[in-house]
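Listing of target-v2.tsv, TSV, C-alpha atoms
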chain	number	residue	atom	x	y	z
A	1	MET	CA	1.05	15.39	147.99
A	2	MET	CA	-0.28	18.82	148.95
A	3	LYS	CA	1.30	21.85	147.37
A	4	LEU	CA	3.80	23.74	149.52
A	5	ASN	CA	1.57	26.83	149.72
A	6	THR	CA	-1.36	24.71	150.90
A	7	MET	CA	0.86	23.02	153.48
A	8	ARG	CA	2.07	26.34	154.87
A	9	THR	CA	-1.44	27.82	154.92
A	10	ARG	CA	-2.98	24.81	156.67
A	11	LEU	CA	-0.19	24.71	159.23
A	12	ASP	CA	-0.54	28.42	160.01
A	13	GLY	CA	-4.32	27.99	160.20
A	14	LEU	CA	-4.37	25.31	162.92
A	15	VAL	CA	-7.09	26.05	165.49
A	16	ILE	CA	-7.43	23.08	167.85
A	17	PHE	CA	-3.78	22.05	167.66
A	18	ARG	CA	-2.41	25.56	167.48
A	19	GLY	CA	-0.21	24.85	170.48
A	20	ILE	CA	2.07	22.55	168.48
A	21	LEU	CA	3.31	25.53	166.47
A	22	GLN	CA	5.52	26.31	169.47
A	23	ALA	CA	6.10	22.69	170.54
A	24	ASN	CA	8.82	20.18	169.88
A	25	ILE	CA	10.45	20.75	166.45
A	26	VAL	CA	7.33	21.88	164.59
A	27	PRO	CA	8.67	25.48	164.42
A	28	ALA	CA	11.78	24.16	162.64
A	29	PHE	CA	9.64	22.25	160.14
A	30	ARG	CA	7.54	25.35	159.58
A	31	ALA	CA	10.68	27.42	158.92
A	32	MET	CA	11.89	24.79	156.43
A	33	LEU	CA	8.58	24.96	154.56
A	34	ALA	CA	8.81	28.74	154.40
A	35	ALA	CA	12.34	28.51	152.98
A	36	ALA	CA	11.51	25.88	150.31
A	37	GLY	CA	12.73	26.99	146.90
A	38	SER	CA	15.01	29.73	148.30
A	39	GLU	CA	18.72	29.90	149.10
A	40	ASP	CA	17.86	29.64	152.79
A	41	PHE	CA	16.38	26.15	152.38
A	42	VAL	CA	19.58	24.19	153.02
A	43	SER	CA	20.21	25.91	156.33
A	44	ALA	CA	16.57	25.51	157.43
A	45	ALA	CA	16.51	21.83	156.41
A	46	ALA	CA	19.78	21.14	158.23
A	47	ASP	CA	18.42	22.78	161.38
A	48	PHE	CA	15.22	20.71	161.21
A	49	GLU	CA	17.07	17.46	160.62
A	50	ASN	CA	19.54	18.19	163.41
A	51	GLN	CA	16.65	18.49	165.86
A	52	LEU	CA	14.80	15.53	164.37
A	53	PHE	CA	17.72	13.10	164.63
A	54	GLU	CA	18.09	14.06	168.30
A	55	ARG	CA	14.59	12.62	168.73
A	56	GLY	CA	15.04	9.41	166.78
A	57	GLY	CA	14.74	10.30	163.10
A	58	SER	CA	11.06	9.58	162.40
A	59	TRP	CA	9.19	12.76	161.48
A	60	THR	CA	5.88	10.90	161.75
A	61	ARG	CA	6.52	9.79	165.34
A	62	VAL	CA	7.83	13.19	166.46
A	63	LEU	CA	4.82	15.04	165.02
A	64	LEU	CA	2.41	12.49	166.50
A	65	ASP	CA	4.04	12.93	169.91
A	66	ALA	CA	3.56	16.71	169.66
A	67	VAL	CA	-0.11	16.15	168.81
A	68	LEU	CA	-0.69	13.68	171.65
A	69	GLN	CA	0.97	15.94	174.22
A	70	ASP	CA	-0.81	19.12	173.12
A	71	GLU	CA	-3.11	20.76	175.65
A	72	ASN	CA	-6.18	21.97	173.77
A	73	ILE	CA	-9.89	22.55	174.22
A	74	CYS	CA	-10.88	19.07	173.01
A	75	ILE	CA	-8.68	17.15	175.43
A	76	ARG	CA	-9.50	19.48	178.33
A	77	LYS	CA	-13.20	18.86	177.77
A	78	ALA	CA	-12.89	15.14	176.97
A	79	ALA	CA	-13.74	14.04	180.51
A	80	SER	CA	-16.78	16.32	180.78
A	81	GLY	CA	-18.76	15.63	177.62
A	82	GLY	CA	-16.62	17.08	174.84
A	83	ALA	CA	-15.97	20.55	173.44
A	84	GLY	CA	-18.90	20.67	171.00
A	85	GLN	CA	-19.59	19.52	167.47
A	86	ALA	CA	-17.82	22.41	165.71
A	87	ALA	CA	-14.62	21.82	167.69
A	88	ALA	CA	-14.86	18.05	167.11
A	89	ARG	CA	-15.19	18.51	163.32
A	90	CYS	CA	-12.25	20.91	163.32
A	91	MET	CA	-10.19	18.42	165.33
A	92	ASP	CA	-10.94	15.60	162.86
A	93	SER	CA	-9.99	17.78	159.89
A	94	GLU	CA	-6.74	18.90	161.50
A	95	LEU	CA	-5.78	15.35	162.46
A	96	GLU	CA	-6.23	14.29	158.84
A	97	PHE	CA	-4.03	17.19	157.68
A	98	LEU	CA	-1.34	16.51	160.31
A	99	GLN	CA	-1.25	12.85	159.32
A	100	GLN	CA	-0.57	13.90	155.72
A	101	LEU	CA	2.05	16.37	156.93
A	102	SER	CA	3.80	13.64	158.92
A	103	ARG	CA	4.49	11.74	155.69
A	104	VAL	CA	6.18	14.62	153.90
A	105	THR	CA	9.72	13.67	152.84
A	106	LEU	CA	12.75	15.68	151.78
A	107	VAL	CA	12.17	14.62	148.18
A	108	ASP	CA	8.64	16.04	148.37
A	109	LEU	CA	10.10	19.44	149.28
A	110	THR	CA	13.03	19.46	146.84
A	111	GLY	CA	11.62	17.50	143.92
A	112	GLY	CA	14.69	15.24	144.11
A	113	GLU	CA	17.06	18.05	143.10
A	114	GLU	CA	20.52	16.48	142.68
A	115	SER	CA	22.39	19.45	144.14
A	116	LEU	CA	20.69	18.75	147.48
A	117	ALA	CA	21.42	15.02	147.48
A	118	PHE	CA	23.94	15.49	150.31
A	119	LEU	CA	21.10	16.26	152.77
A	120	PRO	CA	20.12	13.11	154.70
A	121	ARG	CA	16.63	11.66	154.32
A	122	TRP	CA	14.39	11.49	157.36
A	123	GLU	CA	12.02	8.64	158.07
A	124	THR	CA	8.23	8.62	157.79
A	125	GLU	CA	5.70	5.94	158.77
A	126	GLU	CA	2.10	4.92	158.14
A	127	VAL	CA	0.30	5.89	161.37
A	128	ASP	CA	-3.40	6.56	161.90
A	129	PHE	CA	-3.46	9.89	163.75
A	130	ALA	CA	-7.23	9.83	164.31
A	131	ALA	CA	-7.13	6.40	165.96
A	132	ALA	CA	-4.13	7.33	168.10
A	133	TYR	CA	-5.81	10.52	169.27
A	134	ALA	CA	-9.11	8.75	170.01
A	135	GLU	CA	-7.18	6.41	172.30
A	136	ARG	CA	-5.49	9.42	173.88
A	137	LEU	CA	-8.86	11.04	174.64
A	138	ALA	CA	-10.15	7.81	176.16
A	139	GLU	CA	-7.17	7.67	178.54
A	140	VAL	CA	-7.21	11.30	179.64
A	141	GLY	CA	-8.47	10.36	183.13
A	142	GLN	CA	-5.29	8.34	183.76
A	143	LYS	CA	-2.68	10.15	181.66
A	144	GLY	CA	-3.89	13.75	181.80
A	145	TYR	CA	-2.83	16.33	179.24
A	146	GLY	CA	-0.11	18.90	178.70
A	147	MET	CA	2.50	18.92	181.46
A	148	PHE	CA	0.29	16.61	183.57
A	149	ALA	CA	0.85	13.87	180.98
A	150	ARG	CA	4.64	14.24	181.16
A	151	HIS	CA	5.13	14.73	184.91
A	152	HIS	CA	3.44	13.56	188.10
A	153	MET	CA	5.03	15.76	190.76
A	154	PHE	CA	4.90	19.56	190.88
A	155	THR	CA	5.92	22.53	193.00
A	156	ILE	CA	4.56	26.09	193.01
A	157	GLU	CA	6.47	29.16	191.83
A	158	ASP	CA	4.80	32.56	191.65
A	159	GLY	CA	1.38	30.94	191.78
A	160	SER	CA	2.06	28.58	188.85
A	161	LEU	CA	2.68	24.84	188.81
A	162	ILE	CA	6.23	23.83	187.91
A	163	PRO	CA	7.03	20.17	187.06
A	164	VAL	CA	9.57	18.33	189.19
A	165	ARG	CA	11.82	16.86	186.51
A	166	PHE	CA	13.70	14.49	188.82
A	167	PRO	CA	11.23	13.45	191.54
A	168	ASP	CA	12.11	11.33	194.56
A	169	PRO	CA	11.87	7.73	193.24
A	170	GLN	CA	10.76	6.30	196.61
A	171	ARG	CA	8.54	3.21	196.27
A	172	LEU	CA	6.18	1.65	198.82
A	173	SER	CA	8.01	-1.67	198.55
A	174	GLU	CA	11.17	0.07	199.77
A	175	LEU	CA	9.64	1.33	203.04
A	176	PRO	CA	9.98	-1.17	205.87
A	177	GLY	CA	7.67	-0.95	208.89
A	178	TYR	CA	4.56	1.21	209.45
A	179	GLU	CA	2.55	-0.89	206.98
A	180	HIS	CA	-0.63	-0.52	209.05
A	181	GLU	CA	-0.30	3.28	209.16
A	182	ARG	CA	0.41	3.56	205.44
A	183	GLU	CA	-2.50	1.31	204.54
A	184	LYS	CA	-4.93	3.94	205.83
A	185	VAL	CA	-3.40	6.55	203.53
A	186	ILE	CA	-3.38	4.12	200.61
A	187	ALA	CA	-7.06	3.27	201.13
A	188	ASN	CA	-7.99	6.96	201.17
A	189	THR	CA	-5.96	7.51	197.99
A	190	LYS	CA	-7.68	4.63	196.24
A	191	ALA	CA	-11.04	6.13	197.19
A	192	LEU	CA	-9.97	9.43	195.62
A	193	LEU	CA	-8.88	7.70	192.41
A	194	SER	CA	-12.12	5.73	192.13
A	195	GLY	CA	-14.26	8.86	192.51
A	196	LYS	CA	-15.47	7.97	196.00
A	197	PRO	CA	-15.41	10.46	198.90
A	198	ALA	CA	-11.85	10.98	200.18
A	199	VAL	CA	-10.70	13.04	203.15
A	200	ASN	CA	-7.74	15.22	204.06
A	201	VAL	CA	-5.05	13.35	206.01
A	202	LEU	CA	-2.59	14.47	208.70
A	203	LEU	CA	0.42	12.22	209.28
A	204	TYR	CA	2.05	13.24	212.55
A	205	GLY	CA	4.62	11.82	214.92
A	206	ASP	CA	8.32	11.44	215.53
A	207	ALA	CA	10.95	12.63	213.08
A	208	GLY	CA	12.46	10.11	210.70
A	209	THR	CA	9.53	7.68	210.76
A	210	GLY	CA	8.74	7.89	207.04
A	211	LYS	CA	5.76	10.25	206.95
A	212	SER	CA	6.96	12.29	203.97
A	213	SER	CA	8.45	9.25	202.24
A	214	SER	CA	5.08	7.50	202.51
A	215	VAL	CA	3.25	10.33	200.72
A	216	LYS	CA	5.85	10.51	197.94
A	217	ALA	CA	5.88	6.74	197.52
A	218	ILE	CA	2.08	6.70	197.21
A	219	ALA	CA	2.28	9.42	194.53
A	220	ASN	CA	4.80	7.28	192.61
A	221	GLU	CA	2.78	4.10	193.08
A	222	PHE	CA	-0.47	5.51	191.65
A	223	ALA	CA	0.86	7.95	189.04
A	224	ALA	CA	-0.20	5.61	186.23
A	225	ASP	CA	-3.75	5.60	187.65
A	226	GLY	CA	-4.08	9.38	187.30
A	227	LEU	CA	-2.63	10.63	190.60
A	228	ARG	CA	-0.53	13.81	190.72
A	229	LEU	CA	1.23	15.44	193.69
A	230	VAL	CA	1.67	19.18	194.24
A	231	GLU	CA	4.08	20.14	197.02
A	232	VAL	CA	3.01	23.32	198.79
A	233	LYS	CA	5.16	25.30	201.20
A	234	LYS	CA	3.52	26.89	204.23
A	235	ASN	CA	4.13	30.43	202.96
A	236	GLN	CA	2.33	29.54	199.69
A	237	LEU	CA	-0.97	28.56	201.29
A	238	TYR	CA	-2.62	31.84	200.31
A	239	GLN	CA	-2.09	30.87	196.64
A	240	ILE	CA	-4.00	27.58	196.96
A	241	PRO	CA	-7.59	28.81	196.34
A	242	ALA	CA	-6.70	29.98	192.84
A	243	LEU	CA	-4.83	26.72	192.23
A	244	LEU	CA	-7.85	24.68	193.35
A	245	ASP	CA	-10.05	26.56	190.89
A	246	SER	CA	-7.66	25.70	188.06
A	247	LEU	CA	-7.57	22.01	189.01
A	248	ALA	CA	-11.30	21.58	189.63
A	249	GLN	CA	-12.10	20.65	186.00
A	250	ASN	CA	-8.97	18.54	185.49
A	251	PRO	CA	-9.77	14.83	184.98
A	252	LEU	CA	-6.81	13.77	187.14
A	253	LYS	CA	-6.68	13.48	190.95
A	254	PHE	CA	-4.35	15.61	193.05
A	255	ILE	CA	-2.64	15.46	196.43
A	256	LEU	CA	-1.69	18.85	197.86
A	257	PHE	CA	1.31	17.88	199.98
A	258	ILE	CA	2.33	20.13	202.89
A	259	ASP	CA	5.46	18.82	204.61
A	260	ASP	CA	6.62	19.50	208.16
A	261	LEU	CA	3.61	21.62	209.06
A	262	SER	CA	3.49	23.73	212.21
A	263	PHE	CA	2.40	27.25	213.10
A	264	SER	CA	3.27	29.92	215.62
A	265	ALA	CA	0.39	31.26	217.71
A	266	ASN	CA	-0.27	34.31	215.50
A	267	ASP	CA	0.60	32.84	212.12
A	268	ASP	CA	-1.59	34.20	209.30
A	269	ASN	CA	-1.11	30.93	207.38
A	270	PHE	CA	-3.13	29.15	210.10
A	271	ALA	CA	-6.39	30.73	208.94
A	272	ALA	CA	-5.46	30.19	205.28
A	273	LEU	CA	-5.09	26.44	205.77
A	274	LYS	CA	-8.32	26.24	207.76
A	275	ALA	CA	-10.18	27.80	204.83
A	276	ILE	CA	-8.56	25.41	202.35
A	277	LEU	CA	-9.44	22.33	204.40
A	278	GLU	CA	-12.98	23.48	205.00
A	279	GLY	CA	-13.62	24.51	201.41
A	280	SER	CA	-14.96	27.70	199.88
A	281	VAL	CA	-18.62	28.66	199.39
A	282	GLY	CA	-18.44	26.63	196.18
A	283	GLY	CA	-17.43	23.50	198.07
A	284	ARG	CA	-14.20	21.56	198.11
A	285	SER	CA	-12.91	20.14	194.82
A	286	GLN	CA	-13.72	16.45	194.59
A	287	ASN	CA	-10.46	15.67	192.79
A	288	VAL	CA	-8.12	17.20	195.39
A	289	VAL	CA	-7.10	16.15	198.91
A	290	VAL	CA	-4.58	17.63	201.34
A	291	TYR	CA	-1.94	15.36	202.86
A	292	ALA	CA	0.13	17.11	205.53
A	293	THR	CA	2.94	15.87	207.76
A	294	SER	CA	3.96	17.26	211.13
A	295	ASN	CA	6.06	16.35	214.13
A	296	ARG	CA	3.35	17.69	216.45
A	297	ARG	CA	-0.23	16.59	216.97
A	298	HIS	CA	-1.79	20.02	217.48
A	299	LEU	CA	0.27	21.85	214.81
A	300	ILE	CA	0.61	25.01	216.99
A	301	ARG	CA	3.96	25.66	218.63
A	302	GLU	CA	3.48	26.81	222.21
A	303	ASN	CA	5.81	28.44	224.70
A	304	TYR	CA	5.52	29.69	228.28
A	305	SER	CA	4.33	33.15	227.23
A	306	ASP	CA	1.44	31.50	225.35
A	307	LYS	CA	0.44	29.69	228.53
A	308	GLU	CA	0.49	32.94	230.49
A	309	GLU	CA	-1.76	34.55	227.86
A	310	THR	CA	-4.12	31.58	228.07
A	311	ARG	CA	-4.41	31.98	231.87
A	312	GLU	CA	-5.37	35.61	231.36
A	313	ASP	CA	-7.89	34.81	228.61
A	314	MET	CA	-11.48	34.96	229.89
A	315	HIS	CA	-12.51	32.47	227.20
A	316	THR	CA	-9.82	29.83	227.68
A	317	SER	CA	-11.99	27.05	226.25
A	318	ASP	CA	-12.58	29.02	223.04
A	319	THR	CA	-8.84	29.67	222.68
A	320	VAL	CA	-8.01	25.98	223.07
A	321	GLN	CA	-10.73	24.97	220.63
A	322	GLU	CA	-9.42	27.47	218.07
A	323	LYS	CA	-6.01	25.85	218.23
A	324	LEU	CA	-7.48	22.36	217.91
A	325	SER	CA	-9.90	23.30	215.13
A	326	LEU	CA	-7.32	22.90	212.38
A	327	VAL	CA	-6.61	19.30	213.34
A	328	TYR	CA	-10.34	18.53	213.35
A	329	ARG	CA	-10.53	19.61	209.70
A	330	PHE	CA	-8.42	16.61	208.73
A	331	GLY	CA	-10.72	13.64	208.19
A	332	VAL	CA	-7.98	11.19	209.20
A	333	THR	CA	-5.02	11.69	211.55
A	334	ILE	CA	-2.39	8.95	211.61
A	335	TYR	CA	0.35	8.64	214.22
A	336	PHE	CA	3.86	7.54	213.20
A	337	GLY	CA	5.67	6.78	216.47
A	338	ALA	CA	9.37	6.07	216.89
A	339	PRO	CA	10.06	2.31	216.70
A	340	ASN	CA	11.11	0.38	219.77
A	341	LYS	CA	14.41	-1.50	219.78
A	342	LYS	CA	12.93	-4.67	218.27
A	343	GLU	CA	11.08	-2.77	215.52
A	344	PHE	CA	14.23	-0.79	214.73
A	345	GLN	CA	16.23	-3.99	214.39
A	346	ASN	CA	13.60	-5.49	212.09
A	347	ILE	CA	13.82	-2.41	209.87
A	348	VAL	CA	17.62	-2.73	209.76
A	349	LYS	CA	17.42	-6.44	208.85
A	350	THR	CA	14.84	-5.75	206.12
A	351	LEU	CA	16.96	-3.00	204.58
A	352	ALA	CA	20.13	-5.07	204.81
A	353	GLU	CA	18.44	-7.92	202.97
A	354	ARG	CA	17.02	-5.59	200.30
A	355	TYR	CA	20.40	-3.97	199.62
A	356	HIS	CA	22.34	-7.25	199.90
A	357	VAL	CA	24.49	-6.21	202.85
A	358	GLU	CA	26.76	-9.17	203.67
A	359	MET	CA	27.27	-9.20	207.43
A	360	PRO	CA	26.44	-11.67	210.20
A	361	GLU	CA	23.13	-10.69	211.81
A	362	GLU	CA	24.57	-10.41	215.31
A	363	GLU	CA	27.31	-8.04	214.12
A	364	LEU	CA	24.82	-6.10	211.95
A	365	LEU	CA	22.48	-5.42	214.87
A	366	LEU	CA	25.33	-4.56	217.22
A	367	GLU	CA	26.69	-1.98	214.80
A	368	ALA	CA	23.16	-0.64	214.16
A	369	ASN	CA	22.64	-0.12	217.90
A	370	LYS	CA	25.90	1.81	218.12
A	371	TRP	CA	24.89	3.88	215.10
A	372	GLU	CA	21.48	4.96	216.40
A	373	LEU	CA	22.96	6.16	219.70
A	374	SER	CA	24.98	8.84	217.89
A	375	HIS	CA	22.72	9.46	214.88
A	376	GLY	CA	19.31	10.61	216.04
A	377	GLY	CA	18.05	7.58	217.94
A	378	LEU	CA	15.62	4.84	216.92
A	379	SER	CA	13.94	5.72	213.63
A	380	GLY	CA	13.52	4.46	210.09
A	381	ARG	CA	15.70	7.33	208.90
A	382	SER	CA	18.66	6.38	211.11
A	383	ALA	CA	18.25	2.74	209.99
A	384	GLN	CA	18.43	3.83	206.32
A	385	GLN	CA	21.43	6.06	207.04
A	386	PHE	CA	23.19	3.14	208.74
A	387	ILE	CA	22.63	0.87	205.73
A	388	ASP	CA	23.80	3.64	203.38
A	389	TYR	CA	26.94	3.97	205.52
A	390	LEU	CA	27.64	0.24	205.20
A	391	LEU	CA	27.06	0.32	201.43
A	392	GLY	CA	29.44	3.27	201.16
A	393	LYS	CA	32.14	1.26	202.88

Write the structure described by the file as structure tokens, please.
Amino acid sequence: MMKLNTMRTRLDGLVIFRGILQANIVPAFRAMLAAAGSEDFVSAAADFENQLFERGGSWTRVLLDAVLQDENICIRKAASGGAGQAAARCMDSELEFLQQLSRVTLVDLTGGEESLAFLPRWETEEVDFAAAYAERLAEVGQKGYGMFARHHMFTIEDGSLIPVRFPDPQRLSELPGYEHEREKVIANTKALLSGKPAVNVLLYGDAGTGKSSSVKAIANEFAADGLRLVEVKKNQLYQIPALLDSLAQNPLKFILFIDDLSFSANDDNFAALKAILEGSVGGRSQNVVVYATSNRRHLIRENYSDKEETREDMHTSDTVQEKLSLVYRFGVTIYFGAPNKKEFQNIVKTLAERYHVEMPEEELLLEANKWELSHGGLSGRSAQQFIDYLLGK
């Protein structure tokens, strides 16, 4: 086994995997090493073991997990040819050291001192760190790195991506109706994931028809294939160019999701979204698409005063074209219309069967018809709410 001084020096001297010094319970292990041989050792060891047992008890597995989740130069460059020979040699050397470190036991640190026999022993295992990390590098296009490996949905706060820790679990198999409409979005998403040209998509139509649920379900369905979703609010659109730059070299594929999109006539965000959809002088990122939902086809809210201004405008055609130009920047526009009575009833029957609602069909449909009259009309949302109501009873 390495001497304690060598262990501490090598750990402090990590270059490629320097990020693990602040990750997981590595700081607690580092503090325990520093306290070895002093009166502070018992407290440091107890703190380390307390954190370790919360994670299962195997020091080898916990350290390997920290290594595999670390965001570093080698994994960031893995999908684009590697970080260079010097970095690769450093990575190999550090993996060998970390593998040795993962097998350090309490006895190694105390020399089996009897007065410390009351401290519990943690587990270690024989694991090939180099092989595990080589597999990790090979899968970076599907699993990502850093927070992208642990989460698949994100929001934006102060210009930075924040993981959604409890994302909407909606699945495609749980969405009845609108299969034809969703298939267009799914096909575009598959093209994105396979590296083929993919376009921005606008899903528009009546409220409660499953536009937003479809996008979230697609993100869940293809997360294991390397798809990530970033939800963007309308007032955050000005932050997107910088975000696109940061994602351009990421090996994963991203959906920028803008929900319930609409603009007033003089909204500054209108021009911001046009620029994002069109792309900068450097071109649009090939690993990012925009999926937006809206209840209106033309995205611009109009009122009577707008119509009066249009009558007075000498270039009426130009004004109309300006308002339509944003829609034209979406490669695909898909209409989600409210279901008719028969389609609504089919959705209700499908949901009732899925959730095992025990009720005669005639009674079920009669009650569903009563429900929709007082709960927003014919829509997939009111059908789901009706089934939830029955389940609650």

Notebook entry, point to check: Any idea what the distance is between CA of Phe17 (chain A) and CA of Ala66 (chain A)?
Noted result: 9.3 Å

Item checked: Long-range neighbours of Gln385 (chain A) as a list in words, 12 Å cut-off, all atoms listed in the file, 4 positions minimum in chain ->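 The residues that qualify are Gly208, Ile347, Val348, Leu351, Ala352, Ala368, Trp371, Glu372, Ser374, His375, Gly376, Gly377, Leu378, Ser379, Gly380, Arg381, Tyr389, Leu390, Leu391 and Gly392 of chain A.
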
Notebook entry, point to check: Nearest to Arg61 (chain A) among A:Phe166, A:Ala87, A:Leu98, A:Asp47, with distances taken over only C-alpha atoms: which residue is it?
Noted result: A:Leu98

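What separates CA of Val127 (chain A) from CA of Leu64 (chain A) is a distance of 8.6 Å.
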
Next item on the list: Tell me, in Å to one decimal, how far CA of Val42 (chain A) is from CA of Asp108 (chain A).
Entry: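 Between these atoms lies a distance of 14.4 Å.
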
Checklist line | Using only C-alpha atoms: which of A:Leu243, A:Val67, A:Glu361, A:Val15 has the shortest distance to Ala134 (chain A) | finding: A:Val67

Checklist line | From A:Tyr145, A:Tyr204, A:Phe29, A:Tyr328, residue lying nearest Tyr291 (chain A) [only C-alpha atoms] | finding: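 For Tyr291 (chain A), the nearest of the candidates is A:Tyr204.
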
Margin query: Using only C-alpha atoms, which protein or nucleic acid residues come within 9 Å of region 72-75 of chain A? Drop anything in the same chain fewer than 5 positions from it, and give the result as a PyMOL selection string.
Written below: chain A and resi 16-19+82-84+87-88+91+136-137+140+144-146

Emit the selected residues as an mmCIF file, in the coordinates of the input, including C-alpha atoms.
data_model
loop_
_atom_site.group_PDB
_atom_site.id
_atom_site.type_symbol
_atom_site.label_atom_id
_atom_site.label_comp_id
_atom_site.auth_asym_id
_atom_site.auth_seq_id
_atom_site.Cartn_x
_atom_site.Cartn_y
_atom_site.Cartn_z
ATOM 1 C CA ILE A 16 -7.430 23.080 167.850
ATOM 2 C CA PHE A 17 -3.780 22.050 167.660
ATOM 3 C CA ARG A 18 -2.410 25.560 167.480
ATOM 4 C CA GLY A 19 -0.210 24.850 170.480
ATOM 5 C CA GLY A 82 -16.620 17.080 174.840
ATOM 6 C CA ALA A 83 -15.970 20.550 173.440
ATOM 7 C CA GLY A 84 -18.900 20.670 171.000
ATOM 8 C CA ALA A 87 -14.620 21.820 167.690
ATOM 9 C CA ALA A 88 -14.860 18.050 167.110
ATOM 10 C CA MET A 91 -10.190 18.420 165.330
ATOM 11 C CA ARG A 136 -5.490 9.420 173.880
ATOM 12 C CA LEU A 137 -8.860 11.040 174.640
ATOM 13 C CA VAL A 140 -7.210 11.300 179.640
ATOM 14 C CA GLY A 144 -3.890 13.750 181.800
ATOM 15 C CA TYR A 145 -2.830 16.330 179.240
ATOM 16 C CA GLY A 146 -0.110 18.900 178.700
#

Note to self: When you look at region 179-192 of chain A with a cut-off of 12 Å (counting all atoms listed in the file), what residues show up, excluding the ones that are within fewer than 6 positions of it in the same chain? I need them as a PyMOL selection string.
What the structure shows: chain A and resi 172-173+198-205+209-223+225-229+251-255+285-292+331-337+347

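Distances here use all atoms listed in the file; by that measure, the residue among A:Leu247, A:Leu364, A:Ala338, A:Leu14 closest to Cys90 (chain A) is A:Leu14.
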
Next item on the list: Could you give me, as number ranges by chain, the residues within 6 Å of Val164 (chain A), counting all atoms listed in the file and dropping anything in the same chain fewer than 2 positions from it?
Entry: A: 153-154, 166-167

Check: Within 12 Å of Val104 (chain A), counting only C-alpha atoms, which residues qualify if same-chain residues fewer than 4 places away don't, as a ChimeraX atom specification?
Finding: /A:1-4,7,29,32-33,58-60,63,97-100,108-111,121-126
